[in-house]
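**Q** Structure file model_31.txt (compact mmCIF, C-alpha atoms) right here:
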```
# COMPACT_ATOMS: atom_id res chain seq x y z
CA MET M 293 -48.45 -19.21 -4.85
CA GLU M 294 -48.26 -22.36 -6.95
CA THR M 295 -48.17 -20.54 -10.26
CA SER M 296 -45.33 -18.31 -9.08
CA LEU M 297 -43.26 -21.38 -8.13
CA ILE M 298 -43.94 -22.91 -11.55
CA SER M 299 -42.89 -19.67 -13.22
CA VAL M 300 -39.73 -19.42 -11.14
CA PHE M 301 -38.63 -22.97 -12.00
CA ALA M 302 -39.44 -22.44 -15.69
CA GLY M 303 -37.41 -19.23 -15.72
CA LEU M 304 -34.54 -20.85 -13.85
CA SER M 305 -34.48 -23.70 -16.34
CA ILE M 306 -33.83 -21.27 -19.17
CA VAL M 307 -31.44 -18.95 -17.32
CA PHE M 308 -29.37 -21.60 -15.55
CA GLY M 309 -29.40 -23.87 -18.59
CA LEU M 310 -27.79 -21.12 -20.64
CA LEU M 311 -25.43 -20.04 -17.85
CA VAL M 312 -24.18 -23.55 -17.18
CA GLY M 313 -23.96 -24.38 -20.88
CA PHE M 314 -21.95 -21.30 -21.78
CA GLY M 315 -20.06 -21.17 -18.50
CA THR M 316 -18.69 -24.69 -18.83
CA LEU M 317 -18.64 -24.63 -22.65
CA SER M 318 -20.64 -27.85 -22.59
CA ALA M 319 -24.01 -28.22 -24.26
CA ILE M 320 -24.55 -31.50 -22.41
CA ARG M 321 -24.30 -29.85 -19.00
CA GLY M 322 -26.53 -26.98 -20.11
CA VAL M 323 -29.23 -29.35 -21.36
CA PHE M 324 -28.97 -31.43 -18.17
CA THR M 325 -29.49 -28.31 -16.03
CA PHE M 326 -32.38 -27.19 -18.24
CA LEU M 327 -34.06 -30.59 -17.90
CA MET M 328 -33.52 -30.68 -14.14
CA PHE M 329 -35.29 -27.34 -13.59
CA THR M 330 -38.00 -28.26 -16.12
CA GLY M 331 -38.63 -31.36 -14.02
CA LEU M 332 -38.97 -29.15 -10.95
CA ALA M 333 -41.45 -26.92 -12.81
CA LEU M 334 -43.49 -30.00 -13.73
CA SER M 335 -43.29 -31.14 -10.11
CA ALA M 336 -44.67 -27.81 -8.92
CA TYR M 337 -47.46 -28.08 -11.48
CA LEU M 338 -48.33 -31.61 -10.36
CA ASP M 339 -48.41 -30.38 -6.78
CA SER M 340 -50.79 -27.56 -7.75
CA VAL M 341 -53.23 -29.94 -9.47
CA GLY M 342 -53.50 -32.11 -6.38
CA VAL M 343 -50.83 -34.82 -6.51
CA ASN M 344 -49.25 -35.54 -3.14
CA TRP M 345 -46.47 -32.97 -2.67
CA VAL M 346 -43.79 -35.57 -1.92
CA LEU M 347 -44.72 -37.81 -4.83
CA SER M 348 -45.06 -34.89 -7.23
CA TYR M 349 -41.34 -34.11 -6.97
CA PHE M 350 -40.44 -37.70 -7.78
CA PHE M 351 -42.95 -37.90 -10.63
CA GLY M 352 -41.87 -34.59 -12.18
CA GLN M 353 -38.23 -35.62 -12.38
CA LEU M 354 -39.13 -39.15 -13.45
CA ILE M 355 -41.31 -37.91 -16.30
CA VAL M 356 -38.82 -35.36 -17.64
CA MET M 357 -35.51 -37.14 -17.05
CA GLY M 358 -36.93 -40.62 -17.66
CA SER M 359 -38.53 -39.75 -20.98
CA THR M 360 -35.34 -37.99 -22.12
CA TYR M 361 -33.25 -41.03 -21.18
CA ILE M 362 -35.59 -43.42 -23.02
CA LEU M 363 -35.57 -41.17 -26.10
CA LEU M 364 -31.77 -41.02 -26.11
CA ARG M 365 -31.38 -44.74 -25.47
CA ASN M 366 -33.70 -45.70 -28.32
CA PHE M 367 -32.78 -43.15 -31.00
CA TYR M 368 -29.37 -41.69 -30.09
CA PRO M 369 -27.35 -44.24 -28.07
CA GLU M 370 -24.05 -42.61 -29.08
CA THR M 371 -25.14 -39.47 -27.22
CA LEU M 372 -25.39 -41.42 -23.96
CA VAL M 373 -21.79 -42.57 -24.44
CA ARG M 374 -20.71 -38.93 -24.88
CA VAL M 375 -22.68 -37.93 -21.77
CA LYS M 376 -21.01 -40.68 -19.74
CA GLN M 377 -17.58 -39.57 -20.94
CA GLU M 378 -18.37 -35.92 -20.24
CA PHE M 379 -19.39 -36.52 -16.64
CA SER M 380 -16.79 -39.17 -15.82
CA LEU M 381 -13.75 -37.31 -17.17
CA SER M 382 -14.38 -34.00 -15.49
CA SER M 383 -15.61 -35.21 -12.11
CA GLY M 384 -12.10 -35.72 -10.72
CA ARG M 385 -10.46 -32.67 -12.25
CA CYS M 386 -10.28 -29.23 -10.78
CA HIS M 387 -9.99 -26.31 -13.19
```
Show me this structure written as structure tokens.

**A**
Amino acid sequence: METSLISVFAGLSIVFGLLVGFGTLSAIRGVFTFLMFTGLALSAYLDSVGVNWVLSYFFGQLIVMGSTYILLRNFYPETLVRVKQEFSLSSGRCH
């Protein structure tokens, strides 16, 4: 059961990452969706190796999203500015 959940989240990360990226014409949103589902796949893996099931979902997202944020903050700070602009400009608009 655990390996099927890991496989589903890994597959969803690729499929939904591409769908959201191409659907919104935004690479930033596609990468965000990919990372979110990759974090869920890692959470399912942590749950299968014996980490508490509640904590595993926090740790999976913290490891994936946290490490990506630290990488961007240290090496590509201009990308974080673009991400902030991307999500703040389009949150109030309706297409």

**Q** Go through M:Gly358, M:Gly331, M:Pro369, M:Gly342 and flag the residue nearest M:Ile298, using all atoms listed in the file for the distances.

**A**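 Ranking M:Gly358, M:Gly331, M:Pro369, M:Gly342 by distance to M:Ile298, first place goes to M:Gly331.
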
**Q** Give as a PDB file with C-alpha atoms, keeping the file's coordinate frame every residue, naming chains and numbers as the document does, that has an atom within 12 Å of (-29.5, -21.0, -23.2), counting only C-alpha atoms.

**A**
```pdb
ATOM      1  CA  GLY M 303     -37.410 -19.230 -15.720  1.00  0.00           C
ATOM      2  CA  LEU M 304     -34.540 -20.850 -13.850  1.00  0.00           C
ATOM      3  CA  SER M 305     -34.480 -23.700 -16.340  1.00  0.00           C
ATOM      4  CA  ILE M 306     -33.830 -21.270 -19.170  1.00  0.00           C
ATOM      5  CA  VAL M 307     -31.440 -18.950 -17.320  1.00  0.00           C
ATOM      6  CA  PHE M 308     -29.370 -21.600 -15.550  1.00  0.00           C
ATOM      7  CA  GLY M 309     -29.400 -23.870 -18.590  1.00  0.00           C
ATOM      8  CA  LEU M 310     -27.790 -21.120 -20.640  1.00  0.00           C
ATOM      9  CA  LEU M 311     -25.430 -20.040 -17.850  1.00  0.00           C
ATOM     10  CA  VAL M 312     -24.180 -23.550 -17.180  1.00  0.00           C
ATOM     11  CA  GLY M 313     -23.960 -24.380 -20.880  1.00  0.00           C
ATOM     12  CA  PHE M 314     -21.950 -21.300 -21.780  1.00  0.00           C
ATOM     13  CA  GLY M 315     -20.060 -21.170 -18.500  1.00  0.00           C
ATOM     14  CA  LEU M 317     -18.640 -24.630 -22.650  1.00  0.00           C
ATOM     15  CA  SER M 318     -20.640 -27.850 -22.590  1.00  0.00           C
ATOM     16  CA  ALA M 319     -24.010 -28.220 -24.260  1.00  0.00           C
ATOM     17  CA  ILE M 320     -24.550 -31.500 -22.410  1.00  0.00           C
ATOM     18  CA  ARG M 321     -24.300 -29.850 -19.000  1.00  0.00           C
ATOM     19  CA  GLY M 322     -26.530 -26.980 -20.110  1.00  0.00           C
ATOM     20  CA  VAL M 323     -29.230 -29.350 -21.360  1.00  0.00           C
ATOM     21  CA  PHE M 324     -28.970 -31.430 -18.170  1.00  0.00           C
ATOM     22  CA  THR M 325     -29.490 -28.310 -16.030  1.00  0.00           C
ATOM     23  CA  PHE M 326     -32.380 -27.190 -18.240  1.00  0.00           C
ATOM     24  CA  LEU M 327     -34.060 -30.590 -17.900  1.00  0.00           C
TER      25      LEU M 327
END
```

**Q** Hey, which of M:Ser335, M:Ser296, M:Phe379, M:Thr316 ends up closest to M:Val356? Count all atoms listed in the file.

**A**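 That would be M:Ser335, the residue with the smallest distance to M:Val356.
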
**Q** In Å, how far is it from atom CA of M:Ala302 to atom CA of M:Val341?

**A** 16.9 Å

**Q** Of the candidates M:Asn344, M:Thr360, M:Thr330, M:Ser299, which shows the shortest atom-to-atom distance to M:Leu372, using all atoms listed in the file?

**A** M:Thr360

**Q** When you count only C-alpha atoms, which of these residues is closest to M:Leu354: M:Thr295, M:Leu334, M:Val375, M:Phe301?

**A**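 Ranked by minimum distance to M:Leu354, first place goes to M:Leu334.
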